[in-house]
Every structure is written in structure tokens, then in C-alpha cells.
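One file, final-v4.pdb, is given below (PDB, C-alpha atoms).
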```
ATOM      1  CA  MET A1264       1.282   1.508 -33.042
ATOM      2  CA  GLU A1265      -0.790   3.639 -35.387
ATOM      3  CA  ALA A1266      -4.401   2.706 -36.017
ATOM      4  CA  SER A1267      -4.116   0.545 -39.116
ATOM      5  CA  GLY A1268      -5.083  -3.013 -39.990
ATOM      6  CA  LEU A1269      -7.111  -3.157 -36.796
ATOM      7  CA  THR A1270     -10.049  -5.253 -37.943
ATOM      8  CA  LYS A1271      -8.891  -8.346 -36.053
ATOM      9  CA  LYS A1272     -11.049  -8.793 -32.949
ATOM     10  CA  PHE A1273     -10.164 -10.045 -29.515
ATOM     11  CA  SER A1274     -13.592 -11.703 -29.273
ATOM     12  CA  GLN A1275     -16.568 -12.476 -31.473
ATOM     13  CA  ARG A1276     -19.499 -10.080 -31.168
ATOM     14  CA  PRO A1277     -22.940  -9.734 -32.832
ATOM     15  CA  LYS A1278     -23.104  -8.559 -36.434
ATOM     16  CA  SER A1279     -24.739  -5.304 -35.305
ATOM     17  CA  LEU A1280     -21.235  -3.949 -34.825
ATOM     18  CA  GLY A1281     -21.174  -3.211 -38.554
ATOM     19  CA  CYS A1282     -24.186  -0.894 -38.275
ATOM     20  CA  LEU A1283     -22.711   0.775 -35.225
ATOM     21  CA  SER A1284     -19.423   1.283 -37.061
ATOM     22  CA  ASN A1285     -21.222   3.118 -39.869
ATOM     23  CA  ALA A1286     -23.085   5.261 -37.360
ATOM     24  CA  TYR A1287     -19.848   6.091 -35.559
ATOM     25  CA  HIS A1288     -18.069   6.983 -38.790
ATOM     26  CA  MET A1289     -20.880   9.354 -39.821
ATOM     27  CA  ALA A1290     -20.931  10.943 -36.365
ATOM     28  CA  LEU A1291     -17.217  11.730 -36.676
ATOM     29  CA  VAL A1292     -17.634  13.048 -40.217
ATOM     30  CA  ASN A1293     -20.360  15.363 -38.957
ATOM     31  CA  GLY A1294     -18.369  16.390 -35.900
ATOM     32  CA  ASP A1295     -21.205  15.155 -33.670
ATOM     33  CA  ALA A1296     -19.565  14.240 -30.350
ATOM     34  CA  ASP A1297     -22.880  13.291 -28.708
ATOM     35  CA  ALA A1298     -23.833  10.858 -31.464
ATOM     36  CA  ALA A1299     -20.340   9.311 -31.444
ATOM     37  CA  GLY A1300     -20.497   9.001 -27.667
ATOM     38  CA  ALA A1301     -23.883   7.287 -27.884
ATOM     39  CA  VAL A1302     -22.364   4.591 -30.104
ATOM     40  CA  ILE A1303     -19.553   4.073 -27.587
ATOM     41  CA  ASP A1304     -22.062   3.843 -24.742
ATOM     42  CA  GLU A1305     -24.071   1.218 -26.629
ATOM     43  CA  LEU A1306     -20.969  -0.919 -27.110
ATOM     44  CA  VAL A1307     -19.988  -0.598 -23.440
ATOM     45  CA  ALA A1308     -23.521  -1.577 -22.419
ATOM     46  CA  GLY A1309     -23.254  -4.553 -24.777
ATOM     47  CA  ARG A1310     -20.163  -5.717 -22.855
ATOM     48  CA  TYR A1311     -17.728  -5.156 -25.691
ATOM     49  CA  THR A1312     -14.119  -5.061 -24.548
ATOM     50  CA  LEU A1313     -11.824  -2.074 -24.822
ATOM     51  CA  ALA A1314      -9.907  -3.971 -27.508
ATOM     52  CA  ASP A1315     -13.134  -4.538 -29.476
ATOM     53  CA  ILE A1316     -13.986  -0.850 -29.374
ATOM     54  CA  TYR A1317     -10.500   0.303 -30.309
ATOM     55  CA  MET A1318      -9.761  -2.257 -32.988
ATOM     56  CA  SER A1319     -13.167  -2.736 -34.580
ATOM     57  CA  LEU A1320     -14.664   0.738 -34.216
ATOM     58  CA  ILE A1321     -12.336   3.643 -33.501
ATOM     59  CA  GLY A1322      -9.315   2.351 -35.400
ATOM     60  CA  PRO A1323     -11.089   1.651 -38.707
ATOM     61  CA  ALA A1324     -13.047   4.917 -38.435
ATOM     62  CA  LEU A1325      -9.843   6.906 -38.038
ATOM     63  CA  GLN A1326      -8.242   5.046 -40.903
ATOM     64  CA  GLY A1327     -11.187   5.917 -43.152
ATOM     65  CA  LEU A1328     -11.093   9.572 -42.131
ATOM     66  CA  GLY A1329      -7.355   9.664 -42.734
ATOM     67  CA  GLU A1330      -7.857   8.406 -46.252
ATOM     68  CA  ALA A1331     -10.609  11.000 -46.791
ATOM     69  CA  TRP A1332      -8.244  13.736 -45.611
ATOM     70  CA  CYS A1333      -5.513  12.532 -47.991
ATOM     71  CA  VAL A1334      -7.802  12.872 -51.025
ATOM     72  CA  GLY A1335      -9.218  16.189 -49.866
ATOM     73  CA  ASP A1336     -12.724  15.042 -48.928
ATOM     74  CA  ILE A1337     -12.334  16.558 -45.451
ATOM     75  CA  GLY A1338     -10.271  19.562 -44.378
ATOM     76  CA  VAL A1339      -7.640  20.101 -41.720
ATOM     77  CA  GLY A1340     -10.093  21.697 -39.308
ATOM     78  CA  GLN A1341     -12.507  18.785 -39.596
ATOM     79  CA  GLU A1342      -9.664  16.338 -39.033
ATOM     80  CA  LYS A1343      -8.573  18.179 -35.892
ATOM     81  CA  LEU A1344     -12.131  18.274 -34.534
ATOM     82  CA  THR A1345     -12.456  14.543 -35.101
ATOM     83  CA  THR A1346      -9.182  13.921 -33.287
ATOM     84  CA  GLN A1347     -10.357  15.832 -30.224
ATOM     85  CA  ILE A1348     -13.676  13.973 -30.167
ATOM     86  CA  VAL A1349     -11.880  10.627 -30.286
ATOM     87  CA  LEU A1350      -9.348  11.599 -27.614
ATOM     88  CA  ALA A1351     -12.137  12.682 -25.254
ATOM     89  CA  GLN A1352     -13.921   9.359 -25.772
ATOM     90  CA  MET A1353     -10.715   7.404 -25.206
ATOM     91  CA  GLU A1354     -10.187   9.206 -21.909
ATOM     92  CA  ARG A1355     -13.697   8.241 -20.884
ATOM     93  CA  LEU A1356     -13.092   4.626 -21.896
ATOM     94  CA  ARG A1357      -9.882   4.505 -19.831
ATOM     95  CA  ALA A1358     -11.895   5.470 -16.774
ATOM     96  CA  LYS A1359     -14.265   2.558 -17.443
ATOM     97  CA  PHE A1360     -11.809  -0.188 -18.387
ATOM     98  CA  VAL A1361      -8.570   0.604 -16.546
ATOM     99  CA  ALA A1362      -8.899  -0.199 -12.856
ATOM    100  CA  PRO A1363      -6.713   1.850 -10.462
ATOM    101  CA  SER A1364      -5.691  -1.336  -8.654
ATOM    102  CA  HIS A1365      -2.342  -2.951  -7.945
ATOM    103  CA  ARG A1366      -0.292  -3.420 -11.096
ATOM    104  CA  SER A1367       2.446  -5.803 -12.056
ATOM    105  CA  SER A1368       5.865  -4.195 -11.907
ATOM    106  CA  PHE A1369       6.293  -5.106 -15.585
ATOM    107  CA  ARG A1370       6.682  -1.703 -17.223
ATOM    108  CA  VAL A1371       5.975  -0.745 -20.826
ATOM    109  CA  MET A1372       7.091   2.587 -22.284
ATOM    110  CA  VAL A1373       5.162   3.801 -25.338
ATOM    111  CA  SER A1374       6.283   6.678 -27.533
ATOM    112  CA  CYS A1375       6.181   8.098 -31.025
ATOM    113  CA  VAL A1376       9.572   8.567 -32.650
ATOM    114  CA  GLU A1377      11.021  12.007 -33.197
ATOM    115  CA  GLY A1378       9.017  13.898 -35.814
ATOM    116  CA  GLU A1379       6.025  11.547 -35.566
ATOM    117  CA  MET A1380       2.895  13.557 -34.771
ATOM    118  CA  HIS A1381       0.248  10.831 -35.235
ATOM    119  CA  PHE A1382      -0.137   9.411 -31.750
ATOM    120  CA  ILE A1383      -3.687   8.078 -31.341
ATOM    121  CA  GLY A1384      -2.651   4.546 -32.321
ATOM    122  CA  ALA A1385       0.172   4.676 -29.780
ATOM    123  CA  ARG A1386      -2.271   5.936 -27.148
ATOM    124  CA  MET A1387      -4.573   3.013 -27.938
ATOM    125  CA  PHE A1388      -1.699   0.583 -27.472
ATOM    126  CA  ALA A1389      -0.813   2.213 -24.133
ATOM    127  CA  ASP A1390      -4.431   1.917 -22.989
ATOM    128  CA  LEU A1391      -4.642  -1.770 -23.905
ATOM    129  CA  CYS A1392      -1.454  -2.421 -21.942
ATOM    130  CA  LEU A1393      -2.918  -0.553 -18.953
ATOM    131  CA  ALA A1394      -6.055  -2.680 -19.208
ATOM    132  CA  ARG A1395      -3.868  -5.790 -18.957
ATOM    133  CA  GLY A1396      -2.512  -4.590 -15.610
ATOM    134  CA  TRP A1397       0.963  -3.455 -16.682
ATOM    135  CA  TRP A1398       2.593  -0.180 -15.710
ATOM    136  CA  VAL A1399       2.700   2.143 -18.721
ATOM    137  CA  ASP A1400       4.675   5.317 -19.369
ATOM    138  CA  PHE A1401       3.234   7.156 -22.388
ATOM    139  CA  LEU A1402       5.557   9.811 -23.817
ATOM    140  CA  GLY A1403       3.271  10.970 -26.613
ATOM    141  CA  PRO A1404       4.153  12.374 -30.036
ATOM    142  CA  ASP A1405       7.472  13.671 -31.373
ATOM    143  CA  ALA A1406       9.783  12.413 -28.616
ATOM    144  CA  PRO A1407      13.487  13.077 -29.342
ATOM    145  CA  ASN A1408      15.805  10.096 -29.059
ATOM    146  CA  SER A1409      17.706  11.766 -26.236
ATOM    147  CA  ALA A1410      14.491  12.149 -24.234
ATOM    148  CA  ILE A1411      13.482   8.523 -24.799
ATOM    149  CA  VAL A1412      16.911   7.216 -23.743
ATOM    150  CA  ASP A1413      16.832   9.445 -20.653
ATOM    151  CA  MET A1414      13.401   8.131 -19.639
ATOM    152  CA  VAL A1415      14.498   4.520 -20.211
ATOM    153  CA  ARG A1416      17.377   5.112 -17.793
ATOM    154  CA  ARG A1417      15.043   6.714 -15.260
ATOM    155  CA  ARG A1418      12.040   4.377 -15.477
ATOM    156  CA  TYR A1419      13.609   0.959 -16.262
ATOM    157  CA  PRO A1420      10.954  -0.365 -18.675
ATOM    158  CA  GLN A1421      11.198  -3.985 -19.737
ATOM    159  CA  LEU A1422       9.780  -3.076 -23.148
ATOM    160  CA  LEU A1423       9.840   0.067 -25.291
ATOM    161  CA  ALA A1424       7.125   0.367 -27.969
ATOM    162  CA  LEU A1425       7.701   2.908 -30.748
ATOM    163  CA  SER A1426       5.113   4.178 -33.194
ATOM    164  CA  LEU A1427       6.202   5.404 -36.637
ATOM    165  CA  THR A1428       3.915   5.939 -39.604
ATOM    166  CA  MET A1429       6.204   7.684 -42.089
ATOM    167  CA  ASP A1430       9.452   6.565 -43.700
ATOM    168  CA  HIS A1431      11.448   9.399 -42.123
ATOM    169  CA  GLY A1432      10.854   7.816 -38.723
ATOM    170  CA  LEU A1433      13.002   4.843 -39.677
ATOM    171  CA  ALA A1434      16.246   6.783 -39.335
ATOM    172  CA  HIS A1435      15.319   7.815 -35.785
ATOM    173  CA  ALA A1436      14.322   4.241 -34.888
ATOM    174  CA  ARG A1437      17.612   2.835 -36.211
ATOM    175  CA  LYS A1438      19.644   5.413 -34.320
ATOM    176  CA  LEU A1439      17.662   4.867 -31.118
ATOM    177  CA  ALA A1440      18.192   1.095 -31.310
ATOM    178  CA  VAL A1441      21.946   1.718 -31.352
ATOM    179  CA  GLU A1442      21.819   4.253 -28.508
ATOM    180  CA  LEU A1443      19.870   1.843 -26.312
ATOM    181  CA  GLU A1444      22.737  -0.650 -26.508
ATOM    182  CA  ASP A1445      24.646   1.599 -24.066
ATOM    183  CA  VAL A1446      21.848   1.414 -21.478
ATOM    184  CA  ALA A1447      22.239  -1.035 -18.615
ATOM    185  CA  ALA A1448      19.627  -3.807 -19.038
ATOM    186  CA  PRO A1449      18.116  -2.257 -22.195
ATOM    187  CA  PRO A1450      14.426  -2.944 -22.863
ATOM    188  CA  LYS A1451      13.124  -5.083 -25.676
ATOM    189  CA  LEU A1452      12.131  -2.898 -28.608
ATOM    190  CA  LEU A1453       8.732  -3.136 -30.304
ATOM    191  CA  LEU A1454       8.027  -1.238 -33.532
ATOM    192  CA  GLY A1455       4.671  -0.614 -35.182
ATOM    193  CA  GLY A1456       2.926   1.834 -37.430
ATOM    194  CA  GLN A1457       0.996   2.262 -40.639
ATOM    195  CA  ALA A1458       2.719   1.587 -43.960
ATOM    196  CA  VAL A1459       6.230   1.029 -42.560
ATOM    197  CA  ALA A1460       6.106  -2.386 -40.933
ATOM    198  CA  ALA A1461       7.412  -4.172 -44.014
ATOM    199  CA  ILE A1462      10.305  -1.709 -44.412
ATOM    200  CA  VAL A1463      11.207  -1.922 -40.730
ATOM    201  CA  ALA A1464      11.033  -5.709 -40.778
ATOM    202  CA  ARG A1465      13.815  -5.830 -43.357
ATOM    203  CA  SER A1466      16.049  -3.361 -41.558
ATOM    204  CA  LEU A1467      15.438  -3.893 -37.840
ATOM    205  CA  GLY A1468      13.517  -7.134 -37.401
ATOM    206  CA  SER A1469      16.109  -9.124 -35.449
ATOM    207  CA  GLY A1470      17.422  -9.744 -31.957
ATOM    208  CA  ASP A1471      15.432  -8.011 -29.232
ATOM    209  CA  ILE A1472      13.542  -5.952 -31.833
ATOM    210  CA  ARG A1473      10.074  -7.067 -32.873
ATOM    211  CA  VAL A1474       7.927  -5.569 -35.616
ATOM    212  CA  VAL A1475       4.124  -5.902 -35.409
ATOM    213  CA  SER A1476       1.408  -5.081 -37.893
ATOM    214  CA  ASP A1477      -1.444  -4.245 -35.507
ATOM    215  CA  LEU A1478      -2.381  -3.623 -31.896
ATOM    216  CA  TYR A1479      -3.432  -7.223 -31.274
ATOM    217  CA  ALA A1480      -0.031  -8.602 -32.238
ATOM    218  CA  GLY A1481       1.679  -5.880 -30.209
ATOM    219  CA  VAL A1482      -0.227  -6.624 -26.999
ATOM    220  CA  GLU A1483       0.304 -10.364 -27.399
ATOM    221  CA  PHE A1484       4.051  -9.794 -27.827
ATOM    222  CA  VAL A1485       4.101  -7.756 -24.613
ATOM    223  CA  ALA A1486       2.242 -10.563 -22.851
ATOM    224  CA  ASP A1487       4.855 -13.063 -24.047
ATOM    225  CA  CYS A1488       7.630 -10.781 -22.769
ATOM    226  CA  GLN A1489       5.889 -10.396 -19.422
ATOM    227  CA  ARG A1490       5.605 -14.157 -19.020
ATOM    228  CA  SER A1491       9.278 -14.662 -19.836
ATOM    229  CA  GLU A1492      10.223 -11.890 -17.406
ATOM    230  CA  ARG A1493       7.956 -13.111 -14.604
ATOM    231  CA  PRO A1494      10.687 -14.541 -12.288
ATOM    232  CA  LYS A1495      12.623 -11.275 -12.581
ATOM    233  CA  THR A1496       9.411  -9.308 -12.098
ATOM    234  CA  ILE A1497       8.510 -11.196  -8.916
ATOM    235  CA  LEU A1498      12.008 -10.616  -7.516
ATOM    236  CA  ARG A1499      11.822  -6.924  -8.423
ATOM    237  CA  GLU A1500       8.446  -6.567  -6.682
ATOM    238  CA  TYR A1501       9.791  -8.349  -3.586
ATOM    239  CA  LEU A1502      12.917  -6.192  -3.410
ATOM    240  CA  THR A1503      10.841  -3.035  -3.882
ATOM    241  CA  THR A1504       8.527  -4.003  -1.027
ATOM    242  CA  LEU A1505      11.467  -4.927   1.195
ATOM    243  CA  GLY A1506      13.190  -1.632   0.405
ATOM    244  CA  LYS A1507      10.093   0.342   1.364
ATOM    245  CA  LYS A1508       9.906  -1.569   4.657
ATOM    246  CA  VAL A1509      13.559  -0.832   5.501
ATOM    247  CA  ARG A1510      12.999   2.859   4.720
ATOM    248  CA  ARG A1511       9.883   2.976   6.901
ATOM    249  CA  LEU A1512      11.599   1.275   9.845
ATOM    250  CA  ARG A1513      14.593   3.603   9.510
ATOM    251  CA  THR A1514      12.459   6.757   9.455
ATOM    252  CA  ASP A1515      10.396   5.466  12.386
ATOM    253  CA  LYS A1516      13.634   5.440  14.388
ATOM    254  CA  GLY A1517      14.476   8.927  13.158
ATOM    255  CA  TRP A1518      17.660   7.721  11.490
ATOM    256  CA  THR A1519      19.373   8.965   8.384
ATOM    257  CA  GLN A1520      20.694   6.522   5.813
ATOM    258  CA  GLU A1521      24.191   7.172   7.141
ATOM    259  CA  GLN A1522      23.112   6.245  10.673
ATOM    260  CA  LEU A1523      21.515   2.988   9.524
ATOM    261  CA  ALA A1524      24.607   2.164   7.465
ATOM    262  CA  GLU A1525      26.815   2.717  10.514
ATOM    263  CA  ALA A1526      24.569   0.595  12.755
ATOM    264  CA  ALA A1527      24.409  -2.220  10.200
ATOM    265  CA  LYS A1528      28.119  -1.904   9.370
ATOM    266  CA  VAL A1529      27.474  -1.503   5.646
ATOM    267  CA  THR A1530      28.010   1.415   3.277
ATOM    268  CA  ARG A1531      25.497   4.175   2.660
ATOM    269  CA  VAL A1532      25.520   3.142  -1.014
ATOM    270  CA  CYS A1533      24.242  -0.263   0.103
ATOM    271  CA  ILE A1534      21.401   1.331   2.082
ATOM    272  CA  VAL A1535      20.442   3.531  -0.877
ATOM    273  CA  ALA A1536      20.339   0.462  -3.133
ATOM    274  CA  VAL A1537      18.302  -1.575  -0.628
ATOM    275  CA  GLU A1538      15.718   1.151  -0.072
ATOM    276  CA  GLY A1539      15.456   1.724  -3.815
ATOM    277  CA  GLY A1540      14.761  -1.979  -4.428
ATOM    278  CA  LYS A1541      17.944  -2.303  -6.488
ATOM    279  CA  GLN A1542      19.969  -4.489  -4.094
ATOM    280  CA  ASN A1543      19.654  -8.279  -4.246
ATOM    281  CA  LEU A1544      20.196  -8.908  -0.534
ATOM    282  CA  SER A1545      22.354 -11.683   0.838
ATOM    283  CA  MET A1546      21.404 -13.248   4.170
ATOM    284  CA  ASP A1547      24.401 -11.497   5.737
ATOM    285  CA  ILE A1548      22.946  -8.084   4.788
ATOM    286  CA  VAL A1549      19.470  -9.138   5.954
ATOM    287  CA  VAL A1550      20.825 -10.109   9.379
ATOM    288  CA  ARG A1551      22.878  -6.900   9.653
ATOM    289  CA  LEU A1552      19.847  -4.738   8.818
ATOM    290  CA  ALA A1553      17.553  -6.673  11.150
ATOM    291  CA  ASN A1554      20.003  -6.340  14.047
ATOM    292  CA  ALA A1555      20.420  -2.622  13.407
ATOM    293  CA  LEU A1556      16.638  -2.096  13.273
ATOM    294  CA  ALA A1557      16.072  -4.285  16.379
ATOM    295  CA  ILE A1558      13.802  -6.792  14.677
ATOM    296  CA  THR A1559      14.231 -10.438  13.717
ATOM    297  CA  PRO A1560      15.421 -11.311  10.215
ATOM    298  CA  GLU A1561      12.183 -13.261   9.736
ATOM    299  CA  SER A1562      10.053 -10.217  10.476
ATOM    300  CA  LEU A1563      12.136  -8.073   8.142
ATOM    301  CA  LEU A1564      11.411 -10.531   5.329
ATOM    302  CA  THR A1565       7.702 -10.829   6.182
ATOM    303  CA  GLY A1566       4.977  -8.556   7.429
ATOM    304  CA  ASP A1567       5.727  -8.965  11.133
ATOM    305  CA  HIS A1568       7.409  -6.295  13.264
ATOM    306  CA  GLU A1569       8.602  -8.150  16.329
ATOM    307  CA  GLN A1570      11.036  -6.001  18.315
ATOM    308  CA  VAL A1571      14.039  -7.817  19.793
ATOM    309  CA  ASN A1572      17.121  -6.993  21.810
ATOM    310  CA  THR A1573      20.291  -7.590  19.838
ATOM    311  CA  SER A1574      23.964  -7.438  20.630
ATOM    312  CA  GLY A1575      27.082  -7.659  18.536
TER     313      GLY A1575
END
```
Kindly transcribe the structure held in the file into C-alpha cells.
Amino acid sequence: MEASGLTKKFSQRPKSLGCLSNAYHMALVNGDADAAGAVIDELVAGRYTLADIYMSLIGPALQGLGEAWCVGDIGVGQEKLTTQIVLAQMERLRAKFVAPSHRSSFRVMVSCVEGEMHFIGARMFADLCLARGWWVDFLGPDAPNSAIVDMVRRRYPQLLALSLTMDHGLAHARKLAVELEDVAAPPKLLLGGQAVAAIVARSLGSGDIRVVSDLYAGVEFVADCQRSERPKTILREYLTTLGKKVRRLRTDKGWTQEQLAEAAKVTRVCIVAVEGGKQNLSMDIVVRLANALAITPESLLTGDHEQVNTSG
């Protein structure tokens, strides 16, 4: 999701934002980190949202500087300095807007395609997803297809968002879409990026692949996916919690997974799946585990830890 077409706001704010935008743009042009930071602080104090700041201030400013770089009005060194100033401010904004509280188990993976070095827009998208309370894995720029597929298999995201700003990224996106078909429970695929959305829409805009033109549309699509996945998400959270409880009770007894499997008369593979939150337990398995751990089935499924004597 590269920073382009980001003038659409999440909320209406005073017209003074226009003056602040000009001040921010000039601060970046001059390489003045303190002046740029002062503009950010004023917006935070004015109760602007993270989306407002990203989409109505930082995004347009970066787009303008990118155009200036293309025509030679600013040099490579100035562009790199600006990038570092913006990244430092984004890190500061994450600390203010992203609470380190409990998150939904809905997971979004954000990455730039192989060869794509422009990553600030993708980082913005990742931050907005974090601010919505979703788990986010950000892989950064220039991620090879093999690495993305490997991380999808390891992290089980429900949605994979790819940023591509140049035409050469299309070939990697097409190939990756095919490779993901071999992954068990593949994630939905979201594509975004400056100047390529129309091209991608003609070639990949079908099925579980969605193309978006800006960050707002991207975040709203993720929200729609999260709502549609909510029953699965709730079950996944429940199984994860249950698995952690089984592991804790087993280790409290000093047992290995093999010993618990023997006591419950199930396979070790079953115990591994249960403790990893991957096993959808039947009542038969619940009763077997509860008997082996000397607690009631009800307490295994809730927060209670009533010890009981069992036989058979």
C-alpha cells in the first residue's frame, strides 16, 4: 500500500490542517526534523487520528517529495534524509496510537513484493491495522516470494497485503498468487500501490484477490474480512487458550507430551495439536484429557482447576 491517493479522511477536521500540511512539507524539504515533529505534535494534541495524520499529512507530503525527486528538484541524499525523518515520526506515532493490549487473533501479513524497495506506504498500512487491534506481521521491503510463502505457512495469516509500486512487481505478485494455492487454508490476498492498481485489477482482480487504491479502502477491506472470519477467529482463540491450559497442567505434573498421551490414551500427535491450538476437540478427547490431568471436564473448559479422583 504505497502512499498515494491518500487525501480521503477517516474523519472531518478543521481547515487548519491545510496550513499544517504546508508547514510539514516545508519542514521535510528543509530536512528539519524538529519542525516536522512539532507539526505532528500539534495534530496529536488536536485529537487527530493516526489515519488522519497518515492519509492527510504524511502520505501527501511524501507523494509531493517523490514527484520533486522524479523531476530533479531534490537529490537522492535529501530524499533519504526525508525518509528517515518520516520513519522516526511514524515509530513515535505507533507508541502513541497502538496500545499493547490484547489483540484479536485475526492476523494480517504486510509485505512489499520482491524487488519493491518503497515500503513506507506498506508500513503505514501495517500501523493502521495494528491500531484496529489486529495482529500484524510486517516483512518490509523486497521480500522474495519463497520467504513470503514460508512465513504464511509459519504464521497462518488470514490476509496477506502486498505493496507494489512499479510494473515489474506484477510478475512477482502473479507468481505468488499461484504459489499460495498450494498452502493449506491460504490467506485472502490484498494488492495496493501507486500507479499499478488499474493494471493489477485487470490481471488479478478476482476470487480471493482484492485490489485497493488507497489505505482507507485497504483497511476497510480487512475489517470486512475480519467480520466474516469472526466465528473462526473466536474458535481459534478458544482452542489456543485451551491448548495453553493443557500444556500448563501437563508441565505442572512434570509430564512429557508422551506421558500425557499415554495417560489419556491418545497419540502424541494429538497432544501436540491440542497444545498448539490446532485440534478441534471432541467431547471424548476433552474427557480423556480431564481424566488424565485429574480435573473435571468442566474445569478444563473453563477457568476452574478443581482436582478430582478418577478411575478408568
Carefully work through the PyMOL selection byres ((chain A and resi 1297-1313) around 8) for this structure and note down the residues it includes, as a list in words. Arg1276, Leu1283, Ala1286, Tyr1287, Ala1290, Leu1291, Asp1295, Ala1296, Ala1314, Asp1315, Ile1316, Tyr1317, Gln1352, Leu1356, Phe1360 and Leu1391 of chain A
What is the distance between CA of Gly1322 in chain A and CA of His1431 in chain A, in Å to one decimal?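 Straight-line distance from CA of Gly1322 in chain A to CA of His1431 in chain A works out to 22.9 Å.
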Two-atom distance - CA of Leu1402 in chain A, CA of Ser1374 in chain A (Å):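 Between CA of Leu1402 in chain A and CA of Ser1374 in chain A the gap works out to 4.9 Å.
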Residues matched by the PyMOL selection byres ((chain A and resi 1371) around 7) as a ChimeraX atom specification: /A:1369-1370,1372-1373,1398-1400,1420-1423
Report the residues retrieved by the PyMOL selection byres ((chain A and resi 1362) around 12) from the displayed file, expressed as a PDB file with C-alpha atoms, in the coordinates of the input.
```pdb
ATOM      1  CA  LEU A1356     -13.092   4.626 -21.896  1.00  0.00           C
ATOM      2  CA  ARG A1357      -9.882   4.505 -19.831  1.00  0.00           C
ATOM      3  CA  ALA A1358     -11.895   5.470 -16.774  1.00  0.00           C
ATOM      4  CA  LYS A1359     -14.265   2.558 -17.443  1.00  0.00           C
ATOM      5  CA  PHE A1360     -11.809  -0.188 -18.387  1.00  0.00           C
ATOM      6  CA  VAL A1361      -8.570   0.604 -16.546  1.00  0.00           C
ATOM      7  CA  PRO A1363      -6.713   1.850 -10.462  1.00  0.00           C
ATOM      8  CA  SER A1364      -5.691  -1.336  -8.654  1.00  0.00           C
ATOM      9  CA  HIS A1365      -2.342  -2.951  -7.945  1.00  0.00           C
ATOM     10  CA  ARG A1366      -0.292  -3.420 -11.096  1.00  0.00           C
ATOM     11  CA  ASP A1390      -4.431   1.917 -22.989  1.00  0.00           C
ATOM     12  CA  LEU A1391      -4.642  -1.770 -23.905  1.00  0.00           C
ATOM     13  CA  CYS A1392      -1.454  -2.421 -21.942  1.00  0.00           C
ATOM     14  CA  LEU A1393      -2.918  -0.553 -18.953  1.00  0.00           C
ATOM     15  CA  ALA A1394      -6.055  -2.680 -19.208  1.00  0.00           C
ATOM     16  CA  ARG A1395      -3.868  -5.790 -18.957  1.00  0.00           C
ATOM     17  CA  GLY A1396      -2.512  -4.590 -15.610  1.00  0.00           C
ATOM     18  CA  TRP A1397       0.963  -3.455 -16.682  1.00  0.00           C
ATOM     19  CA  TRP A1398       2.593  -0.180 -15.710  1.00  0.00           C
TER      20      TRP A1398
END
```
Out of A:Thr1565, A:Gln1341, A:Ser1284, A:Asn1293, which residue has the shortest atom-to-atom distance to Pro1323 in chain A when counting all atoms listed in the file?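 The closest residue to Pro1323 in chain A is A:Ser1284.
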So which residues touch range 1435-1440 of chain A within 7 Å, counting all atoms listed in the file, skipping near sequence neighbours fewer than 6 positions away, as a PyMOL selection string? chain A and resi 1376-1377+1408
Just want the 12 Å neighbourhood of Ala1447 in chain A, counted on all atoms listed in the file, with same-chain residues fewer than 5 positions away dropped. Output as a ChimeraX atom specification. /A:1412-1413,1415-1421,1442
Given all atoms listed in the file as the basis, pick out the residue of A:Met1546, A:Ala1406, A:Leu1564, A:Leu1556 nearest to Thr1503 in chain A.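 The answer is A:Leu1564, which sits nearest to Thr1503 in chain A.
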With only C-alpha atoms as the basis for distance, which of A:Ala1555, A:Thr1519, A:Ser1319, A:Phe1388 is at the shortest distance from Leu1454 in chain A?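 Among A:Ala1555, A:Thr1519, A:Ser1319, A:Phe1388, it is A:Phe1388 that comes nearest to Leu1454 in chain A.
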Between CA of Ser1409 in chain A and CA of Phe1382 in chain A, what is the spacing in Å?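 Distance between the two atoms: 18.8 Å.
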Ranking A:Ile1383, A:Ala1557, A:Val1482, A:Leu1280 by minimum distance to Ala1351 in chain A and counting all atoms listed in the file, which one comes first?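 Result for the nearest residue to Ala1351 in chain A: A:Ile1383.
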